[in-house]
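> The following file, query-v6.txt, comprises compact mmCIF, C-alpha atoms:
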```txt
# COMPACT_ATOMS: atom_id res chain seq x y z
CA MET A 1 22.20 -30.14 -16.62
CA ILE A 2 20.40 -26.97 -15.45
CA PHE A 3 19.31 -24.17 -17.71
CA PHE A 4 18.51 -20.71 -16.46
CA VAL A 5 16.27 -18.63 -18.61
CA ALA A 6 16.37 -14.91 -18.03
CA CYS A 7 13.33 -12.93 -18.97
CA ASN A 8 12.68 -9.26 -18.74
CA ASP A 9 8.95 -8.94 -18.16
CA GLU A 10 9.42 -6.04 -15.78
CA GLU A 11 6.87 -3.24 -15.74
CA HIS A 12 7.34 0.12 -14.07
CA LEU A 13 4.37 2.36 -14.78
CA ILE A 14 3.18 5.76 -13.55
CA PHE A 15 -0.39 7.03 -13.89
CA HIS A 16 -2.04 10.30 -12.93
CA ASN A 17 -5.61 9.03 -12.60
CA ILE A 18 -7.27 5.80 -11.57
CA GLU A 19 -9.18 5.32 -14.83
CA THR A 20 -5.99 5.14 -16.91
CA ALA A 21 -4.30 2.90 -14.32
CA GLU A 22 -7.21 0.44 -14.29
CA GLN A 23 -7.27 0.29 -18.09
CA GLU A 24 -3.61 -0.75 -18.06
CA ILE A 25 -3.27 -2.93 -14.94
CA GLY A 26 -6.85 -3.93 -14.09
CA LYS A 27 -9.29 -2.83 -11.42
CA PHE A 28 -8.13 -2.34 -7.85
CA LYS A 29 -9.79 -0.94 -4.77
CA THR A 30 -8.55 2.16 -2.96
CA PRO A 31 -9.62 3.52 0.42
CA VAL A 32 -12.18 6.31 0.61
CA MET A 33 -10.03 9.26 1.60
CA PRO A 34 -11.31 12.20 3.66
CA VAL A 35 -12.44 15.35 1.88
CA GLY A 36 -9.57 17.39 0.52
CA TYR A 37 -7.15 14.53 -0.17
CA GLU A 38 -6.14 14.52 -3.80
CA MET A 39 -4.73 11.52 -5.67
CA LYS A 40 -1.38 12.73 -7.05
CA LYS A 41 -0.13 9.64 -8.87
CA ILE A 42 -0.28 5.86 -9.04
CA THR A 43 2.74 3.62 -9.56
CA TYR A 44 2.78 -0.02 -10.57
CA ASP A 45 5.91 -2.14 -10.35
CA ASN A 46 6.03 -5.75 -11.48
CA ASP A 47 9.37 -7.52 -11.71
CA GLY A 48 7.77 -10.57 -13.34
CA PHE A 49 8.69 -12.83 -10.43
CA THR A 50 7.17 -11.50 -7.20
CA HIS A 51 3.84 -9.95 -6.31
CA PRO A 52 3.21 -6.66 -8.18
CA VAL A 53 3.29 -3.49 -6.08
CA THR A 54 0.64 -0.83 -6.61
CA LYS A 55 1.02 2.51 -4.80
CA VAL A 56 -1.43 5.39 -4.71
CA PHE A 57 -0.05 8.72 -3.48
CA TYR A 58 -2.46 11.16 -1.83
CA GLN A 59 -1.87 14.71 -0.65
CA LYS A 60 -3.82 17.37 1.22
CA LYS A 61 -1.83 20.59 1.45
CA GLY A 62 1.54 19.36 2.80
CA HIS A 63 0.20 16.13 4.33
CA ARG A 64 0.95 12.95 2.36
CA ILE A 65 -0.48 9.45 2.67
CA THR A 66 0.53 6.48 0.52
CA PHE A 67 -1.75 3.48 0.00
CA MET A 68 -0.03 0.31 -1.20
CA ILE A 69 -1.10 -3.18 -2.28
CA ALA A 70 1.75 -5.70 -2.13
CA SER A 71 3.07 -8.89 -0.59
CA SER A 72 4.62 -8.81 2.88
CA TRP A 73 6.88 -5.77 3.28
CA PHE A 74 8.55 -4.11 6.29
CA ASP A 75 8.98 -7.36 8.23
CA ASP A 76 12.35 -6.24 9.64
CA TYR A 77 10.94 -3.16 11.37
CA PRO A 78 9.43 -2.98 14.86
CA ALA A 79 5.74 -3.87 14.64
CA LYS A 80 2.89 -3.93 17.12
CA LYS A 81 -0.04 -6.27 16.49
CA MET A 82 -3.31 -4.40 16.74
CA GLU A 83 -6.50 -5.98 17.98
CA ASN A 84 -9.37 -5.04 15.72
CA ASN A 85 -12.97 -6.27 15.49
CA HIS A 86 -13.14 -5.73 11.72
CA ILE A 87 -9.73 -6.84 10.46
CA ALA A 88 -8.10 -10.14 11.38
CA ASN A 89 -4.46 -9.28 10.70
CA MET A 90 -3.38 -5.69 11.43
CA VAL A 91 -0.03 -4.29 12.60
CA TRP A 92 1.40 -0.80 13.20
CA ILE A 93 5.00 -0.59 11.99
CA SER A 94 7.50 2.07 13.04
CA LYS A 95 10.11 2.76 10.38
CA LYS A 96 12.86 5.37 10.66
CA GLN A 97 10.79 8.38 9.60
CA GLU A 98 7.54 6.72 8.60
CA PHE A 99 4.70 4.81 10.17
CA VAL A 100 2.88 2.00 8.38
CA LEU A 101 -0.50 0.40 8.96
CA LYS A 102 -0.39 -3.08 7.39
CA TRP A 103 -3.45 -5.30 7.15
CA ARG A 104 -5.35 -8.12 5.48
CA ASN A 105 -8.25 -10.35 6.49
CA THR A 106 -7.15 -13.70 5.08
CA PRO A 107 -3.84 -15.25 4.01
CA LYS A 108 -5.15 -15.42 0.42
CA GLN A 109 -5.41 -11.63 0.20
CA SER A 110 -2.62 -9.22 -0.63
CA TYR A 111 -1.49 -6.98 2.17
CA LYS A 112 -2.72 -3.40 2.16
CA TYR A 113 -0.65 -0.57 3.58
CA LEU A 114 -1.23 3.03 4.60
CA ILE A 115 2.02 4.94 5.02
CA THR A 116 2.47 8.30 6.75
CA LYS A 117 5.19 10.42 8.35
CA ASN A 118 2.85 11.50 11.15
CA LYS A 119 2.42 9.12 14.10
CA GLN A 120 -0.81 10.93 15.07
CA ASP A 121 -2.46 9.60 11.88
CA LYS A 122 -2.74 6.12 13.40
CA GLU A 123 -6.41 6.25 14.51
CA TRP A 124 -7.84 7.64 11.29
CA LEU A 125 -5.69 5.27 9.21
CA VAL A 126 -7.22 2.39 11.18
CA SER A 127 -10.64 3.84 10.36
CA LEU A 128 -9.72 4.02 6.65
CA ALA A 129 -8.62 0.37 6.76
CA GLU A 130 -11.84 -0.71 8.52
CA ASN A 131 -13.91 0.99 5.81
CA TYR A 132 -11.80 -0.32 2.95
```
Render the structure in this file as structure tokens.


Amino acid sequence: MIFFVACNDEEHLIFHNIETAEQEIGKFKTPVMPVGYEMKKITYDNDGFTHPVTKVFYQKKGHRITFMIASSWFDDYPAKKMENNHIANMVWISKKQEFVLKWRNTPKQSYKYLITKNKQDKEWLVSLAENY
């Protein structure tokens, strides 16, 4: 006999500053963004079963960058492995209207992502990841 137990431990939270977010979900590291980029909001989604997803949304004028901490996402999109002296596992992913820099140094770490709509952001996103 098999029993299935359904639980609803889902969390979907929105924060407008890092201090409040860290009080609720614990400390997490964000990249040091260039001058002028403003943190607009932070979202935290935890379905209770998989790895929680934390997103930090930045904006400078009309330019938006999203930083994300999660498990492995975007595996079905075209990706190019990037050789990097500072980061062991780094790929550049081309989605339909977005570009994603995905990285981590060891398999025990969560993946980190920087997401943009501008392909020309690639080099400075790599620099952000290296200095993370």

> Nearest residue to His86 in chain A out of A:Ile14, A:Ile42, A:Val126, A:Ala21, using all atoms listed in the file?

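Under the stated criterion, the closest residue is A:Val126.
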
> Taking only C-alpha atoms into account, which of A:Pro107, A:Val91, A:Lys40, A:Gln59 comes nearest Ser71 in chain A?

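Looking only at the distances to Ser71 in chain A, the closest residue turns out to be A:Pro107.
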
> Show which residues sit within 9 Å of Trp92 in chain A, as an NGL selection string. Count only C-alpha atoms, and ignore same-chain residues fewer than 4 positions away.

:A and (78-82 or 99-103 or 122)

> Keeping only C-alpha atoms, write the selected residues to a file as a PDB file, keeping the file's coordinate frame.


```
ATOM      1  CA  PRO A  78       9.430  -2.980  14.860  1.00  0.00           C
ATOM      2  CA  ALA A  79       5.740  -3.870  14.640  1.00  0.00           C
ATOM      3  CA  LYS A  80       2.890  -3.930  17.120  1.00  0.00           C
ATOM      4  CA  LYS A  81      -0.040  -6.270  16.490  1.00  0.00           C
ATOM      5  CA  MET A  82      -3.310  -4.400  16.740  1.00  0.00           C
ATOM      6  CA  PHE A  99       4.700   4.810  10.170  1.00  0.00           C
ATOM      7  CA  VAL A 100       2.880   2.000   8.380  1.00  0.00           C
ATOM      8  CA  LEU A 101      -0.500   0.400   8.960  1.00  0.00           C
ATOM      9  CA  LYS A 102      -0.390  -3.080   7.390  1.00  0.00           C
ATOM     10  CA  TRP A 103      -3.450  -5.300   7.150  1.00  0.00           C
ATOM     11  CA  LYS A 122      -2.740   6.120  13.400  1.00  0.00           C
TER      12      LYS A 122
END
```

> Would you mind reading off the distance between CA of Phe49 in chain A and CA of Arg104 in chain A, one decimal, in Å?

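Interatomic distance, CA of Phe49 in chain A to CA of Arg104 in chain A: 21.7 Å.
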
> Please measure the separation of CA of Met39 in chain A and CA of Lys55 in chain A, giving the value in Å to one decimal.

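So the answer is 10.7 Å.
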
> Just range 3-114 of chain A from the block, C-alpha atoms, as a PDB file, in the first residue's frame, could you?


```
ATOM      1  CA  PHE A   3       0.260   6.676   0.735  1.00  0.00           C
ATOM      2  CA  PHE A   4       0.753  10.065  -0.821  1.00  0.00           C
ATOM      3  CA  VAL A   5       0.847  12.986   1.503  1.00  0.00           C
ATOM      4  CA  ALA A   6       0.197  16.366  -0.012  1.00  0.00           C
ATOM      5  CA  CYS A   7       1.615  19.357   1.744  1.00  0.00           C
ATOM      6  CA  ASN A   8       1.383  22.991   0.901  1.00  0.00           C
ATOM      7  CA  ASP A   9       4.590  24.528   2.182  1.00  0.00           C
ATOM      8  CA  GLU A  10       4.851  26.851  -0.786  1.00  0.00           C
ATOM      9  CA  GLU A  11       6.228  30.339  -0.305  1.00  0.00           C
ATOM     10  CA  HIS A  12       5.974  33.156  -2.818  1.00  0.00           C
ATOM     11  CA  LEU A  13       7.411  36.342  -1.351  1.00  0.00           C
ATOM     12  CA  ILE A  14       8.223  39.816  -2.678  1.00  0.00           C
ATOM     13  CA  PHE A  15      10.570  42.266  -0.971  1.00  0.00           C
ATOM     14  CA  HIS A  16      11.631  45.801  -1.820  1.00  0.00           C
ATOM     15  CA  ASN A  17      14.965  45.822   0.025  1.00  0.00           C
ATOM     16  CA  ILE A  18      17.630  43.289   0.857  1.00  0.00           C
ATOM     17  CA  GLU A  19      17.453  43.807   4.633  1.00  0.00           C
ATOM     18  CA  THR A  20      13.798  42.727   4.809  1.00  0.00           C
ATOM     19  CA  ALA A  21      14.434  39.816   2.432  1.00  0.00           C
ATOM     20  CA  GLU A  22      17.349  38.524   4.509  1.00  0.00           C
ATOM     21  CA  GLN A  23      15.321  38.757   7.716  1.00  0.00           C
ATOM     22  CA  GLU A  24      12.680  36.517   6.152  1.00  0.00           C
ATOM     23  CA  ILE A  25      14.670  34.067   3.985  1.00  0.00           C
ATOM     24  CA  GLY A  26      18.229  34.303   5.332  1.00  0.00           C
ATOM     25  CA  LYS A  27      21.394  35.920   4.048  1.00  0.00           C
ATOM     26  CA  PHE A  28      22.335  35.644   0.394  1.00  0.00           C
ATOM     27  CA  LYS A  29      25.026  37.242  -1.703  1.00  0.00           C
ATOM     28  CA  THR A  30      24.307  39.529  -4.640  1.00  0.00           C
ATOM     29  CA  PRO A  31      26.715  40.858  -7.268  1.00  0.00           C
ATOM     30  CA  VAL A  32      28.188  44.332  -6.893  1.00  0.00           C
ATOM     31  CA  MET A  33      26.317  46.249  -9.570  1.00  0.00           C
ATOM     32  CA  PRO A  34      27.781  49.239 -11.422  1.00  0.00           C
ATOM     33  CA  VAL A  35      26.930  52.739 -10.229  1.00  0.00           C
ATOM     34  CA  GLY A  36      23.399  53.779 -11.082  1.00  0.00           C
ATOM     35  CA  TYR A  37      21.779  50.333 -10.941  1.00  0.00           C
ATOM     36  CA  GLU A  38      18.955  50.309  -8.444  1.00  0.00           C
ATOM     37  CA  MET A  39      17.517  47.200  -6.805  1.00  0.00           C
ATOM     38  CA  LYS A  40      13.795  47.293  -7.650  1.00  0.00           C
ATOM     39  CA  LYS A  41      12.527  44.146  -5.946  1.00  0.00           C
ATOM     40  CA  ILE A  42      13.460  40.686  -4.717  1.00  0.00           C
ATOM     41  CA  THR A  43      11.303  37.602  -5.188  1.00  0.00           C
ATOM     42  CA  TYR A  44      11.586  34.283  -3.396  1.00  0.00           C
ATOM     43  CA  ASP A  45       9.727  31.192  -4.576  1.00  0.00           C
ATOM     44  CA  ASN A  46       9.871  27.892  -2.732  1.00  0.00           C
ATOM     45  CA  ASP A  47       7.506  25.103  -3.736  1.00  0.00           C
ATOM     46  CA  GLY A  48       8.607  22.962  -0.778  1.00  0.00           C
ATOM     47  CA  PHE A  49      10.042  20.259  -3.031  1.00  0.00           C
ATOM     48  CA  THR A  50      12.720  21.731  -5.303  1.00  0.00           C
ATOM     49  CA  HIS A  51      15.489  24.250  -4.793  1.00  0.00           C
ATOM     50  CA  PRO A  52      14.161  27.710  -3.813  1.00  0.00           C
ATOM     51  CA  VAL A  53      14.506  30.446  -6.433  1.00  0.00           C
ATOM     52  CA  THR A  54      15.684  33.896  -5.392  1.00  0.00           C
ATOM     53  CA  LYS A  55      15.583  36.711  -7.966  1.00  0.00           C
ATOM     54  CA  VAL A  56      16.893  40.241  -7.597  1.00  0.00           C
ATOM     55  CA  PHE A  57      15.684  42.754 -10.188  1.00  0.00           C
ATOM     56  CA  TYR A  58      17.935  45.719 -11.007  1.00  0.00           C
ATOM     57  CA  GLN A  59      17.267  48.712 -13.219  1.00  0.00           C
ATOM     58  CA  LYS A  60      19.218  51.700 -14.511  1.00  0.00           C
ATOM     59  CA  LYS A  61      16.994  53.991 -16.548  1.00  0.00           C
ATOM     60  CA  GLY A  62      15.358  51.555 -19.003  1.00  0.00           C
ATOM     61  CA  HIS A  63      18.053  48.860 -18.743  1.00  0.00           C
ATOM     62  CA  ARG A  64      17.117  45.811 -16.640  1.00  0.00           C
ATOM     63  CA  ILE A  65      19.265  43.013 -15.248  1.00  0.00           C
ATOM     64  CA  THR A  66      17.984  40.095 -13.177  1.00  0.00           C
ATOM     65  CA  PHE A  67      20.224  38.130 -10.816  1.00  0.00           C
ATOM     66  CA  MET A  68      18.949  34.690  -9.834  1.00  0.00           C
ATOM     67  CA  ILE A  69      20.037  31.903  -7.480  1.00  0.00           C
ATOM     68  CA  ALA A  70      18.459  28.548  -8.343  1.00  0.00           C
ATOM     69  CA  SER A  71      19.035  24.973  -9.422  1.00  0.00           C
ATOM     70  CA  SER A  72      19.709  24.180 -13.073  1.00  0.00           C
ATOM     71  CA  TRP A  73      17.408  26.201 -15.336  1.00  0.00           C
ATOM     72  CA  PHE A  74      17.347  26.890 -19.099  1.00  0.00           C
ATOM     73  CA  ASP A  75      18.876  23.523 -20.047  1.00  0.00           C
ATOM     74  CA  ASP A  76      16.699  23.270 -23.182  1.00  0.00           C
ATOM     75  CA  TYR A  77      18.047  26.471 -24.732  1.00  0.00           C
ATOM     76  CA  PRO A  78      21.150  26.840 -26.916  1.00  0.00           C
ATOM     77  CA  ALA A  79      24.176  27.310 -24.659  1.00  0.00           C
ATOM     78  CA  LYS A  80      27.834  28.007 -25.275  1.00  0.00           C
ATOM     79  CA  LYS A  81      30.379  26.904 -22.679  1.00  0.00           C
ATOM     80  CA  MET A  82      32.675  29.760 -21.764  1.00  0.00           C
ATOM     81  CA  GLU A  83      36.281  29.269 -20.780  1.00  0.00           C
ATOM     82  CA  ASN A  84      37.073  31.350 -17.735  1.00  0.00           C
ATOM     83  CA  ASN A  85      40.115  31.476 -15.430  1.00  0.00           C
ATOM     84  CA  HIS A  86      38.021  32.393 -12.374  1.00  0.00           C
ATOM     85  CA  ILE A  87      34.867  30.292 -12.738  1.00  0.00           C
ATOM     86  CA  ALA A  88      34.877  26.559 -13.423  1.00  0.00           C
ATOM     87  CA  ASN A  89      31.395  26.164 -14.898  1.00  0.00           C
ATOM     88  CA  MET A  90      30.086  29.068 -17.000  1.00  0.00           C
ATOM     89  CA  VAL A  91      27.730  29.106 -19.997  1.00  0.00           C
ATOM     90  CA  TRP A  92      26.095  31.808 -22.140  1.00  0.00           C
ATOM     91  CA  ILE A  93      22.500  30.877 -22.982  1.00  0.00           C
ATOM     92  CA  SER A  94      20.457  32.387 -25.800  1.00  0.00           C
ATOM     93  CA  LYS A  95      16.735  32.374 -25.092  1.00  0.00           C
ATOM     94  CA  LYS A  96      14.081  33.835 -27.381  1.00  0.00           C
ATOM     95  CA  GLN A  97      14.410  37.458 -26.280  1.00  0.00           C
ATOM     96  CA  GLU A  98      16.839  37.129 -23.395  1.00  0.00           C
ATOM     97  CA  PHE A  99      20.433  36.184 -22.774  1.00  0.00           C
ATOM     98  CA  VAL A 100      21.561  34.366 -19.644  1.00  0.00           C
ATOM     99  CA  LEU A 101      24.957  33.991 -18.019  1.00  0.00           C
ATOM    100  CA  LYS A 102      24.824  30.844 -15.840  1.00  0.00           C
ATOM    101  CA  TRP A 103      27.667  29.860 -13.528  1.00  0.00           C
ATOM    102  CA  ARG A 104      28.924  28.039 -10.451  1.00  0.00           C
ATOM    103  CA  ASN A 105      32.326  26.872  -9.256  1.00  0.00           C
ATOM    104  CA  THR A 106      31.472  23.492  -7.737  1.00  0.00           C
ATOM    105  CA  PRO A 107      28.612  21.002  -8.087  1.00  0.00           C
ATOM    106  CA  LYS A 108      27.703  21.627  -4.430  1.00  0.00           C
ATOM    107  CA  GLN A 109      26.873  25.275  -5.126  1.00  0.00           C
ATOM    108  CA  SER A 110      23.617  26.642  -6.474  1.00  0.00           C
ATOM    109  CA  TYR A 111      23.734  28.077  -9.947  1.00  0.00           C
ATOM    110  CA  LYS A 112      23.852  31.842 -10.275  1.00  0.00           C
ATOM    111  CA  TYR A 113      22.314  33.637 -13.242  1.00  0.00           C
ATOM    112  CA  LEU A 114      22.479  37.100 -14.749  1.00  0.00           C
TER     113      LEU A 114
END
```
